[in-house]
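Engineer: Can you read through this structure? Questions will come right after.
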Amino acid sequence: DEQQITQWEACATLLDRTKTIHFVRHAQATHNEAAEKLGRAAYNDPSFHDARLTEFGKEQCLQLKQTQKVGSDVELVLVSPCSRATETAILSFQEHISSDVPWLALECLREKTGQNPCDSRRSVSELKQDYGYIINYGFMNDDEDTYNKKMGGDRETPEMITARAHEFFTFLQTRSETNILVVTHSAFLFVLFDHVVRCNSDLSRWFENCEMRTTQFALVEPTKNKNKK
């Protein structure tokens, strides 16, 4: 009889090239709640511009706050500038993370952009009024939502989100921190784990609201082809 061989998924890299990254999708926001009743057409409602968390979303954050066990180890917090992601990070993790840890907003972590008001963000000036006591917006290039305006009536393609994911990894390579919390959005996470990185189905499946997955990333630059003599 032929012996069955178990196939394992494994990779090896130098420890100093790895980072522990906790990925979190934002909790339920007003457009999510409306979509459960009205379908995806709810995303076109202007009243959901830069959608905020619902009361249920805040309860989800409280539950995550009570069950997560990563806060004391986190050295860097990265958030989407969209309010629902920022609020999720603050409500779920602020009390667990040391006060000297940087909290940075990055444009590249935002949700799939274009058409839907819920996926637009407010100006950085407005965001600072609400979250500037903890969030550093110094890495944001534009005060107004210029990126969304450039889309016109179009919607971001997977290729455009892929480019933002590569921008995210390029940023990570500039940072010395090795334990990082990232709070972002479902479409960005889907493209990240389905198009950009190699991973198993446990990571590439869709993130639910306020779901957290802890990963170990090996950030290794691609090997350049060398001419053989």
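Residue numbers start at 1 in each chain; chains themselves are named A, B, ... in the order of the structure tokens; ligands are numbered from 1 in the order shown.
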Give me the residues near segment 66-74 of chain A as a PyMOL selection string, where near means some atom within 12 Å (using only C-alpha atoms) and where sequence neighbours in that chain fewer than 6 positions away do not count.

Structural biologist: chain A and resi 19-24+59-60+89-103+177-182+210-215

Engineer: Mind checking which residues fall within 12 Å of Lys128 of chain A, counting only C-alpha atoms, ignoring those fewer than 2 positions away in the same chain, and posting them as a list of chain:residue names?

Structural biologist: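 In the requested form, the answer reads A:Pro81, A:Cys82, A:Ser83, A:Thr86, A:Leu104, A:Ala105, A:Arg122, A:Ser123, A:Val124, A:Ser125, A:Glu126, A:Asp130, A:Tyr131, A:Gly132, A:Tyr133, A:Ile134, A:Ile135, A:Asn136, A:Tyr137, A:Gly138, A:Met140, A:Asp143.
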
Engineer: Go ahead and save the residues from that selection, with C-alpha atoms, as a PDB file, in the first residue's frame.

Structural biologist:
ATOM      1  CA  PRO A  81      -8.093  57.321   8.454  1.00  0.00           C
ATOM      2  CA  CYS A  82     -11.747  56.350   7.984  1.00  0.00           C
ATOM      3  CA  SER A  83     -13.526  57.058  11.263  1.00  0.00           C
ATOM      4  CA  THR A  86     -10.054  54.636  14.052  1.00  0.00           C
ATOM      5  CA  LEU A 104      -0.419  56.479  13.077  1.00  0.00           C
ATOM      6  CA  ALA A 105      -3.056  56.981  10.386  1.00  0.00           C
ATOM      7  CA  ARG A 122     -13.400  63.557   6.355  1.00  0.00           C
ATOM      8  CA  SER A 123     -10.600  66.093   6.093  1.00  0.00           C
ATOM      9  CA  VAL A 124      -7.582  65.540   8.309  1.00  0.00           C
ATOM     10  CA  SER A 125      -8.411  68.841  10.018  1.00  0.00           C
ATOM     11  CA  GLU A 126     -11.793  67.423  11.064  1.00  0.00           C
ATOM     12  CA  ASP A 130     -12.078  64.012  17.101  1.00  0.00           C
ATOM     13  CA  TYR A 131      -9.032  61.746  17.336  1.00  0.00           C
ATOM     14  CA  GLY A 132      -5.960  63.976  17.323  1.00  0.00           C
ATOM     15  CA  TYR A 133      -5.415  63.396  21.045  1.00  0.00           C
ATOM     16  CA  ILE A 134      -4.077  59.933  20.185  1.00  0.00           C
ATOM     17  CA  ILE A 135      -3.774  59.586  16.378  1.00  0.00           C
ATOM     18  CA  ASN A 136      -0.795  61.066  14.527  1.00  0.00           C
ATOM     19  CA  TYR A 137      -1.881  62.205  11.044  1.00  0.00           C
ATOM     20  CA  GLY A 138       1.598  63.340  10.061  1.00  0.00           C
ATOM     21  CA  MET A 140      -1.181  61.790   5.574  1.00  0.00           C
ATOM     22  CA  ASP A 143      -5.907  67.349   4.237  1.00  0.00           C
TER      23      ASP A 143
END

Engineer: Near segment 184-197 of chain A, within 7 Å and counting only C-alpha atoms, which residues show up once chain neighbours fewer than 6 positions away are dropped, as a PDB file with C-alpha atoms, in the first residue's frame?

Structural biologist:
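Contents of part10.pdb, as written:
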ATOM      1  CA  VAL A  24      -8.504  43.864  12.736  1.00  0.00           C
ATOM      2  CA  ARG A  25     -11.490  44.746  10.611  1.00  0.00           C
ATOM      3  CA  HIS A  26     -13.533  47.658  11.980  1.00  0.00           C
ATOM      4  CA  VAL A  79      -5.159  52.728  11.451  1.00  0.00           C
ATOM      5  CA  SER A  80      -7.159  53.622   8.408  1.00  0.00           C
ATOM      6  CA  ALA A  85     -11.572  51.967  11.813  1.00  0.00           C
ATOM      7  CA  LEU A 109      -5.079  51.342   4.823  1.00  0.00           C
ATOM      8  CA  ARG A 110      -8.405  52.897   3.824  1.00  0.00           C
ATOM      9  CA  GLU A 111     -11.348  50.977   2.372  1.00  0.00           C
ATOM     10  CA  LYS A 112     -11.937  50.367  -1.336  1.00  0.00           C
ATOM     11  CA  PRO A 158      -8.159  45.260  -7.160  1.00  0.00           C
ATOM     12  CA  ILE A 161      -5.743  48.261  -3.827  1.00  0.00           C
ATOM     13  CA  THR A 162      -2.839  45.891  -4.456  1.00  0.00           C
ATOM     14  CA  ALA A 165      -0.961  47.000  -0.005  1.00  0.00           C
ATOM     15  CA  LEU A 203      -6.285  33.977   6.363  1.00  0.00           C
ATOM     16  CA  SER A 204      -7.745  34.628   2.920  1.00  0.00           C
ATOM     17  CA  TRP A 206     -13.465  37.292   4.499  1.00  0.00           C
ATOM     18  CA  PHE A 207     -12.998  39.210   7.765  1.00  0.00           C
TER      19      PHE A 207
END

Engineer: Please identify all polymer residues within 9 Å of segment 32-39 of chain A, counting only C-alpha atoms, omitting same-chain residues fewer than 4 positions from it, and present them as a CSV table (one decimal) with C-alpha atoms, in the first residue's frame.

Structural biologist:
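Listing of around-v4.csv after writing:
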chain,number,residue,atom,x,y,z
A,28,GLN,CA,-20.2,47.4,12.6
A,43,TYR,CA,-23.7,52.3,0.6
A,51,ALA,CA,-19.5,56.1,8.4
A,54,THR,CA,-23.3,51.9,15.6

Engineer: Identify which of the residues A:Lys150, A:Thr170, A:Asn209, A:Asp145 lies closest to Phe56 of chain A, counting only C-alpha atoms when measuring atom-to-atom distances.

Structural biologist: A:Asn209

Engineer: Would you list, as an NGL selection string, the residues of segment 135-203 of chain A that end up in strand (DSSP E or B) under DSSP run on this structure's backbone?

Structural biologist: :A and (136 or 179-184)
